[in-house]
file work-v6.csv (CSV, C-alpha atoms and all ligand atoms)
chain,number,residue,atom,x,y,z
Y,29,MET,CA,-99.7,-113.4,-16.3
Y,30,ALA,CA,-102.1,-110.6,-17.1
Y,31,PHE,CA,-102.2,-107.4,-15.0
Y,32,THR,CA,-105.2,-107.0,-12.6
Y,33,LEU,CA,-106.8,-104.0,-11.0
Y,34,PRO,CA,-105.5,-103.6,-7.4
Y,35,ALA,CA,-108.1,-103.1,-4.7
Y,36,LEU,CA,-108.4,-99.7,-3.2
Y,37,PRO,CA,-106.8,-99.7,0.2
Y,38,TYR,CA,-109.8,-97.9,1.7
Y,39,ALA,CA,-113.6,-97.6,0.9
Y,40,HIS,CA,-114.8,-95.5,-2.0
Y,41,ASP,CA,-116.3,-93.0,0.3
Y,42,ALA,CA,-113.3,-92.8,2.7
Y,43,LEU,CA,-111.8,-89.7,1.2
Y,44,GLU,CA,-115.0,-87.6,1.5
Y,45,PRO,CA,-115.4,-84.6,1.5
Y,46,HIS,CA,-112.1,-84.0,-0.3
Y,47,PHE,CA,-112.5,-86.7,-3.0
Y,48,ASP,CA,-116.2,-87.6,-3.5
Y,49,THR,CA,-117.5,-91.2,-3.6
Y,50,MET,CA,-118.8,-91.2,-7.2
Y,51,THR,CA,-115.5,-89.9,-8.6
Y,52,MET,CA,-113.6,-92.6,-6.7
Y,53,GLN,CA,-115.9,-95.3,-7.9
Y,54,ILE,CA,-115.6,-94.2,-11.6
Y,55,HIS,CA,-111.9,-93.3,-11.4
Y,56,HIS,CA,-110.9,-96.7,-9.9
Y,57,GLY,CA,-113.6,-99.0,-11.2
Y,58,LYS,CA,-113.9,-97.6,-14.8
Y,59,HIS,CA,-110.8,-95.5,-15.7
Y,60,HIS,CA,-108.1,-97.6,-13.9
Y,61,GLN,CA,-109.9,-100.8,-15.0
Y,62,ALA,CA,-109.8,-99.7,-18.6
Y,63,TYR,CA,-106.1,-99.0,-18.4
Y,64,VAL,CA,-105.5,-102.5,-17.0
Y,65,ASP,CA,-107.7,-104.1,-19.7
Y,66,ASN,CA,-106.2,-102.2,-22.6
Y,67,LEU,CA,-102.7,-102.8,-21.4
Y,68,ASN,CA,-103.4,-106.6,-21.3
Y,69,LYS,CA,-104.9,-106.3,-24.8
Y,70,ALA,CA,-101.8,-104.4,-26.1
Y,71,LEU,CA,-99.4,-107.0,-24.6
Y,72,ASP,CA,-101.4,-110.1,-25.7
Y,73,GLY,CA,-99.2,-112.4,-27.7
Y,74,ASN,CA,-96.5,-109.7,-27.6
Y,75,GLU,CA,-92.8,-110.5,-26.8
Y,76,HIS,CA,-93.1,-108.1,-23.8
Y,77,ALA,CA,-96.0,-109.9,-22.1
Y,78,GLY,CA,-94.8,-111.1,-18.7
Y,79,LYS,CA,-92.6,-108.1,-18.1
Y,80,SER,CA,-93.3,-106.1,-14.9
Y,81,LEU,CA,-94.6,-102.5,-15.1
Y,82,GLU,CA,-91.2,-101.2,-14.1
Y,83,GLU,CA,-89.5,-103.2,-16.8
Y,84,LEU,CA,-91.9,-101.8,-19.4
Y,85,MET,CA,-91.4,-98.2,-18.2
Y,86,ALA,CA,-87.6,-98.7,-18.6
Y,87,ILE,CA,-87.9,-99.5,-22.4
Y,88,MET,CA,-91.0,-97.4,-23.1
Y,89,SER,CA,-89.4,-95.4,-26.0
Y,90,THR,CA,-89.3,-98.7,-27.9
Y,91,LEU,CA,-92.9,-99.8,-27.2
Y,92,PRO,CA,-96.1,-98.9,-29.1
Y,93,MET,CA,-98.4,-96.0,-27.9
Y,94,PRO,CA,-101.1,-98.3,-26.4
Y,95,VAL,CA,-98.5,-99.8,-24.0
Y,96,ARG,CA,-97.3,-96.3,-23.1
Y,97,ASN,CA,-100.7,-94.9,-22.5
Y,98,ASN,CA,-102.2,-97.9,-20.7
Y,99,GLY,CA,-99.0,-99.1,-19.0
Y,100,GLY,CA,-98.5,-95.6,-17.7
Y,101,GLY,CA,-102.1,-95.4,-16.7
Y,102,HIS,CA,-101.9,-98.6,-14.7
Y,103,TYR,CA,-98.6,-97.7,-13.0
Y,104,ASN,CA,-99.7,-94.1,-12.2
Y,105,HIS,CA,-103.1,-95.0,-10.7
Y,106,SER,CA,-101.7,-97.9,-8.7
Y,107,LEU,CA,-99.3,-95.5,-7.1
Y,108,PHE,CA,-102.0,-92.8,-6.7
Y,109,TRP,CA,-104.3,-95.0,-4.6
Y,110,GLN,CA,-101.4,-95.9,-2.3
Y,111,ILE,CA,-100.3,-92.3,-1.6
Y,112,LEU,CA,-103.8,-91.3,-0.5
Y,113,THR,CA,-105.3,-92.0,2.9
Y,114,PRO,CA,-108.4,-91.1,4.9
Y,115,ASN,CA,-106.1,-90.8,8.0
Y,116,ALA,CA,-105.6,-87.2,8.8
Y,117,GLY,CA,-102.3,-86.2,10.3
Y,118,THR,CA,-99.8,-88.4,8.6
Y,119,GLN,CA,-96.4,-86.7,8.4
Y,120,ALA,CA,-93.2,-86.8,6.3
Y,121,SER,CA,-90.5,-88.8,8.1
Y,122,THR,CA,-87.7,-86.8,9.6
Y,123,LYS,CA,-85.4,-87.9,6.8
Y,124,LEU,CA,-87.9,-86.8,4.1
Y,125,ALA,CA,-88.7,-83.6,5.9
Y,126,GLU,CA,-85.0,-82.7,6.1
Y,127,ALA,CA,-84.5,-83.4,2.4
Y,128,ILE,CA,-87.5,-81.2,1.5
Y,129,ASP,CA,-86.1,-78.5,3.7
Y,130,ALA,CA,-82.6,-78.7,2.3
Y,131,GLN,CA,-83.3,-79.4,-1.3
Y,132,LEU,CA,-86.7,-77.8,-2.0
Y,133,GLY,CA,-86.8,-74.8,0.3
Y,134,GLY,CA,-89.1,-76.3,2.9
Y,135,MET,CA,-92.6,-77.9,2.9
Y,136,ASP,CA,-94.5,-74.7,2.0
Y,137,LYS,CA,-92.2,-74.0,-1.0
Y,138,PHE,CA,-92.4,-77.6,-2.0
Y,139,LYS,CA,-96.2,-77.6,-1.9
Y,140,GLU,CA,-96.3,-74.4,-3.9
Y,141,ALA,CA,-94.0,-75.9,-6.6
Y,142,PHE,CA,-95.9,-79.1,-6.7
Y,143,ALA,CA,-99.3,-77.4,-7.0
Y,144,ASN,CA,-97.8,-75.2,-9.7
Y,145,ALA,CA,-96.6,-78.2,-11.6
Y,146,GLY,CA,-100.2,-79.5,-11.5
Y,147,MET,CA,-101.8,-76.2,-12.4
Y,148,THR,CA,-99.6,-75.5,-15.3
Y,149,ARG,CA,-99.8,-78.9,-16.9
Y,150,PHE,CA,-101.9,-78.0,-20.0
Y,151,GLY,CA,-104.6,-80.6,-20.7
Y,152,SER,CA,-104.2,-84.0,-18.9
Y,153,GLY,CA,-101.2,-85.3,-16.9
Y,154,TRP,CA,-99.6,-85.7,-13.6
Y,155,ALA,CA,-97.5,-83.7,-11.1
Y,156,TRP,CA,-94.7,-85.6,-9.4
Y,157,LEU,CA,-92.2,-85.5,-6.5
Y,158,CYS,CA,-89.3,-87.7,-7.6
Y,159,VAL,CA,-86.0,-89.0,-6.4
Y,160,LYS,CA,-83.4,-88.5,-9.2
Y,161,ALA,CA,-80.5,-90.8,-10.0
Y,162,ASP,CA,-78.2,-88.6,-7.9
Y,163,LYS,CA,-80.7,-89.2,-5.0
Y,164,THR,CA,-81.9,-85.6,-4.8
Y,165,LEU,CA,-85.6,-84.6,-4.9
Y,166,CYS,CA,-87.3,-82.9,-7.8
Y,167,VAL,CA,-90.7,-81.7,-8.7
Y,168,CYS,CA,-92.0,-82.0,-12.3
Y,169,SER,CA,-95.0,-82.9,-14.4
Y,170,THR,CA,-95.6,-85.2,-17.3
Y,171,PRO,CA,-98.3,-85.2,-20.0
Y,172,ASN,CA,-101.1,-87.8,-20.5
Y,173,GLN,CA,-100.2,-91.0,-18.7
Y,174,ASP,CA,-96.4,-90.6,-18.9
Y,175,ASN,CA,-94.3,-90.8,-15.8
Y,176,PRO,CA,-90.7,-90.1,-14.7
Y,177,LEU,CA,-89.9,-93.9,-14.7
Y,178,MET,CA,-90.3,-94.0,-18.5
Y,179,ASP,CA,-86.9,-93.9,-20.4
Y,180,LEU,CA,-88.4,-91.1,-22.5
Y,181,ALA,CA,-89.3,-88.8,-19.6
Y,182,GLU,CA,-87.9,-85.3,-19.6
Y,183,CYS,CA,-87.6,-85.5,-15.8
Y,184,PRO,CA,-86.4,-89.0,-15.1
Y,185,GLY,CA,-86.6,-90.3,-11.6
Y,186,THR,CA,-88.4,-92.5,-9.1
Y,187,PRO,CA,-91.8,-91.1,-8.3
Y,188,ILE,CA,-92.7,-91.0,-4.6
Y,189,LEU,CA,-95.7,-88.8,-4.8
Y,190,GLY,CA,-98.0,-88.3,-7.8
Y,191,MET,CA,-101.1,-86.2,-8.4
Y,192,ASP,CA,-103.5,-86.9,-11.2
Y,193,VAL,CA,-104.7,-83.7,-12.9
Y,194,TRP,CA,-106.8,-85.3,-15.5
Y,195,GLU,CA,-110.3,-83.8,-15.4
Y,196,HIS,CA,-111.7,-87.3,-14.7
Y,197,ALA,CA,-110.0,-87.0,-11.3
Y,198,TYR,CA,-112.0,-84.0,-10.2
Y,199,TYR,CA,-114.6,-82.8,-12.6
Y,200,LEU,CA,-117.7,-84.3,-11.0
Y,201,HIS,CA,-117.0,-82.5,-7.7
Y,202,TYR,CA,-114.8,-79.5,-8.6
Y,203,GLN,CA,-115.8,-78.9,-12.3
Y,204,ASN,CA,-113.2,-76.6,-13.8
Y,205,ARG,CA,-111.7,-75.7,-10.4
Y,206,ARG,CA,-108.5,-77.6,-10.6
Y,207,ALA,CA,-106.9,-75.3,-8.0
Y,208,ASP,CA,-109.6,-76.4,-5.4
Y,209,TYR,CA,-109.0,-80.0,-6.2
Y,210,ILE,CA,-105.2,-79.5,-5.7
Y,211,SER,CA,-105.7,-77.8,-2.4
Y,212,ALA,CA,-108.0,-80.7,-1.3
Y,213,PHE,CA,-105.3,-83.2,-2.4
Y,214,TRP,CA,-103.1,-82.2,0.5
Y,215,SER,CA,-105.8,-83.2,3.0
Y,216,VAL,CA,-105.6,-86.8,1.8
Y,217,VAL,CA,-101.9,-87.4,1.2
Y,218,ASN,CA,-100.5,-90.4,2.9
Y,219,TRP,CA,-97.1,-89.1,4.1
Y,220,ASP,CA,-96.3,-92.4,5.7
Y,221,GLU,CA,-96.4,-94.1,2.3
Y,222,VAL,CA,-94.5,-91.2,0.6
Y,223,SER,CA,-91.8,-91.4,3.3
Y,224,LYS,CA,-91.6,-95.2,2.8
Y,225,ARG,CA,-91.1,-94.7,-0.9
Y,226,TYR,CA,-88.5,-92.1,-0.3
Y,227,GLU,CA,-86.4,-94.4,1.9
Y,228,ALA,CA,-86.8,-97.2,-0.7
Y,229,ALA,CA,-85.6,-94.9,-3.5
Y,230,LEU,CA,-82.4,-93.8,-1.7
Z,301,MN,MN,-106.9,-90.8,-13.4
call {"tool": "encode", "arguments": {"input": "work-v6.csv", "output": "structure tokens"}}
result
Amino acid sequence: MAFTLPALPYAHDALEPHFDTMTMQIHHGKHHQAYVDNLNKALDGNEHAGKSLEELMAIMSTLPMPVRNNGGGHYNHSLFWQILTPNAGTQASTKLAEAIDAQLGGMDKFKEAFANAGMTRFGSGWAWLCVKADKTLCVCSTPNQDNPLMDLAECPGTPILGMDVWEHAYYLHYQNRRADYISAFWSVVNWDEVSKRYEAAL
């Protein structure tokens, strides 16, 4: 069963003015589609064809680079579209908010640490909020299309929020201003979805 591109859960222009329409069209329709197509090619006739994305992530250190790059790309973008929303005013659940307060110094400190993880990721990659094996929260970043689910990750965990800091995620609208893109990101985070993923990871 080949992987397919999941539909966006909102229209391409729904995240305006924070994420512009053309970026969303190219990011989803071209970049994400290419990760899906190239993952299918990399797995074609391979013993690992038929495994789920999560199963592939768990043995990534044993798999060839095209599976790592494109499998990571497919997983990361599939999560990314879900944790975004045009609905303003979603909020972290009480349980998640309490964990952020107790473990990460509160929402402001968390946002600062997360933005910093995105800003200091040299080149391309992702910033993450994860639930570690001991069920505590952590903030980290990964290079390229790696993610914390991969067995080779330096910061292993279950990602519940991810931010793409590849230039293709922001360059058309924000050019070199990654910091402006990161501050716009907070306006479109779907805290309902992040909270749901938090509960599921516990
Ligand atoms: Mn991307």
call {"tool": "atom_distance", "arguments": {"input": "work-v6.csv", "atom1": "CA of Val222 in chain Y", "atom2": "CA of Gln173 in chain Y"}}
result
20.1 Å
call {"tool": "residues_near_ligand", "arguments": {"input": "work-v6.csv", "ligand": "ligand MN 301 (chain Z)", "cutoff": "7 Å", "atoms": "only C-alpha atoms and all ligand atoms", "output": "JSON, numbers by chain"}}
result
{"Y": [55, 59, 60, 105, 192, 194, 196, 197]}
call {"tool": "closest_residue", "arguments": {"input": "work-v6.csv", "among": "Y:Ala70, Y:Tyr63, Y:Ser223, Y:Ala229", "to": "Ser121 in chain Y", "atoms": "only C-alpha atoms"}}
result
Y:Ser223
call {"tool": "closest_residue", "arguments": {"input": "work-v6.csv", "among": "Y:Thr122, Y:Thr113, Y:Asn74, Y:Ser152", "to": "Asp41 in chain Y", "atoms": "all atoms listed in the file"}}
result
Y:Thr113
call {"tool": "atom_distance", "arguments": {"input": "work-v6.csv", "atom1": "CA of Cys183 in chain Y", "atom2": "CA of Leu112 in chain Y"}}
result
23.0 Å
call {"tool": "atom_distance", "arguments": {"input": "work-v6.csv", "atom1": "CA of Pro184 in chain Y", "atom2": "CA of His76 in chain Y"}}
result
22.0 Å
call {"tool": "closest_residue", "arguments": {"input": "work-v6.csv", "among": "Y:Leu157, Y:Met29, Y:Met178, Y:Lys123", "to": "Lys139 in chain Y", "atoms": "all atoms listed in the file"}}
result
Y:Leu157
call {"tool": "closest_residue", "arguments": {"input": "work-v6.csv", "among": "Y:Leu43, Y:Met147, Y:Ala77, Y:Ile111", "to": "Leu189 in chain Y", "atoms": "all atoms listed in the file"}}
result
Y:Ile111
call {"tool": "closest_residue", "arguments": {"input": "work-v6.csv", "among": "Y:Arg205, Y:Pro187, Y:Phe150, Y:Leu230", "to": "Lys163 in chain Y", "atoms": "all atoms listed in the file"}}
result
Y:Leu230
call {"tool": "closest_residue", "arguments": {"input": "work-v6.csv", "among": "Y:Leu71, Y:Cys158, Y:Ala62, Y:Val216", "to": "Asp48 in chain Y", "atoms": "only C-alpha atoms"}}
result
Y:Val216
call {"tool": "decode", "arguments": {"input": "work-v6.csv", "residues": "range 30-58 of chain Y", "atoms": "N, CA, C and O atoms", "output": "compact mmCIF listing (two decimals), in the first residue's frame"}}
result
# COMPACT_ATOMS: atom_id res chain seq x y z
N ALA Y 30 0.85 2.01 -1.09
CA ALA Y 30 1.73 3.18 -1.18
C ALA Y 30 1.21 4.32 -0.29
O ALA Y 30 0.02 4.40 0.01
N PHE Y 31 2.12 5.17 0.14
CA PHE Y 31 1.72 6.36 0.89
C PHE Y 31 1.08 7.38 -0.04
O PHE Y 31 1.41 7.45 -1.23
N THR Y 32 0.14 8.16 0.49
CA THR Y 32 -0.51 9.19 -0.31
C THR Y 32 -0.47 10.52 0.43
O THR Y 32 -0.34 10.56 1.66
N LEU Y 33 -0.60 11.60 -0.33
CA LEU Y 33 -0.59 12.94 0.25
C LEU Y 33 -1.90 13.19 0.98
O LEU Y 33 -2.97 13.12 0.38
N PRO Y 34 -1.86 13.47 2.30
CA PRO Y 34 -3.11 13.78 2.99
C PRO Y 34 -3.62 15.16 2.57
O PRO Y 34 -2.83 16.07 2.32
N ALA Y 35 -4.95 15.29 2.48
CA ALA Y 35 -5.53 16.59 2.14
C ALA Y 35 -5.26 17.57 3.28
O ALA Y 35 -5.20 17.18 4.45
N LEU Y 36 -5.10 18.85 2.92
CA LEU Y 36 -5.02 19.88 3.95
C LEU Y 36 -6.36 19.94 4.68
O LEU Y 36 -7.41 19.87 4.04
N PRO Y 37 -6.36 20.11 6.01
CA PRO Y 37 -7.64 20.19 6.73
C PRO Y 37 -8.31 21.57 6.67
O PRO Y 37 -9.22 21.83 7.44
N TYR Y 38 -7.84 22.43 5.78
CA TYR Y 38 -8.41 23.77 5.59
C TYR Y 38 -7.99 24.21 4.19
O TYR Y 38 -7.18 23.54 3.55
N ALA Y 39 -8.52 25.35 3.72
CA ALA Y 39 -8.17 25.83 2.38
C ALA Y 39 -6.75 26.41 2.36
O ALA Y 39 -6.21 26.78 3.41
N HIS Y 40 -6.17 26.47 1.16
CA HIS Y 40 -4.80 26.99 1.04
C HIS Y 40 -4.66 28.43 1.53
O HIS Y 40 -3.59 28.84 1.96
N ASP Y 41 -5.76 29.18 1.43
CA ASP Y 41 -5.67 30.60 1.82
C ASP Y 41 -6.15 30.83 3.26
O ASP Y 41 -6.22 31.96 3.72
N ALA Y 42 -6.43 29.75 3.98
CA ALA Y 42 -7.08 29.88 5.30
C ALA Y 42 -6.16 30.47 6.36
O ALA Y 42 -6.64 31.00 7.36
N LEU Y 43 -4.86 30.34 6.17
CA LEU Y 43 -3.93 30.80 7.20
C LEU Y 43 -3.38 32.20 6.92
O LEU Y 43 -2.48 32.67 7.63
N GLU Y 44 -3.91 32.85 5.87
CA GLU Y 44 -3.56 34.25 5.60
C GLU Y 44 -3.97 35.10 6.80
O GLU Y 44 -4.98 34.80 7.42
N PRO Y 45 -3.27 36.18 7.12
CA PRO Y 45 -2.06 36.68 6.43
C PRO Y 45 -0.78 36.09 6.99
O PRO Y 45 0.31 36.47 6.56
N HIS Y 46 -0.90 35.14 7.94
CA HIS Y 46 0.31 34.63 8.62
C HIS Y 46 1.12 33.73 7.69
O HIS Y 46 2.31 33.89 7.55
N PHE Y 47 0.42 32.76 7.07
CA PHE Y 47 1.05 31.90 6.06
C PHE Y 47 0.32 32.19 4.75
O PHE Y 47 -0.89 31.98 4.66
N ASP Y 48 1.05 32.65 3.74
CA ASP Y 48 0.41 33.08 2.49
C ASP Y 48 -0.01 31.90 1.62
O ASP Y 48 0.53 30.79 1.73
N THR Y 49 -0.98 32.17 0.76
CA THR Y 49 -1.61 31.13 -0.06
C THR Y 49 -0.61 30.41 -0.96
O THR Y 49 -0.63 29.17 -1.03
N MET Y 50 0.25 31.16 -1.64
CA MET Y 50 1.15 30.51 -2.60
C MET Y 50 2.15 29.60 -1.88
O MET Y 50 2.45 28.50 -2.36
N THR Y 51 2.62 30.04 -0.73
CA THR Y 51 3.52 29.18 0.06
C THR Y 51 2.81 27.90 0.44
O THR Y 51 3.37 26.80 0.31
N MET Y 52 1.55 28.02 0.89
CA MET Y 52 0.81 26.81 1.29
C MET Y 52 0.59 25.88 0.09
O MET Y 52 0.71 24.66 0.22
N GLN Y 53 0.28 26.45 -1.08
CA GLN Y 53 0.04 25.62 -2.28
C GLN Y 53 1.31 24.86 -2.66
O GLN Y 53 1.27 23.65 -2.93
N ILE Y 54 2.43 25.57 -2.67
CA ILE Y 54 3.69 24.93 -3.09
C ILE Y 54 4.20 23.98 -2.00
O ILE Y 54 4.67 22.88 -2.30
N HIS Y 55 4.06 24.40 -0.76
CA HIS Y 55 4.57 23.60 0.35
C HIS Y 55 3.84 22.26 0.44
O HIS Y 55 4.47 21.20 0.54
N HIS Y 56 2.52 22.32 0.36
CA HIS Y 56 1.73 21.09 0.44
C HIS Y 56 1.74 20.33 -0.90
O HIS Y 56 2.06 19.15 -0.96
N GLY Y 57 1.41 21.02 -1.97
CA GLY Y 57 1.18 20.37 -3.26
C GLY Y 57 2.45 19.92 -3.97
O GLY Y 57 2.42 18.97 -4.77
N LYS Y 58 3.55 20.61 -3.72
CA LYS Y 58 4.82 20.27 -4.41
C LYS Y 58 5.83 19.62 -3.45
O LYS Y 58 6.30 18.52 -3.69
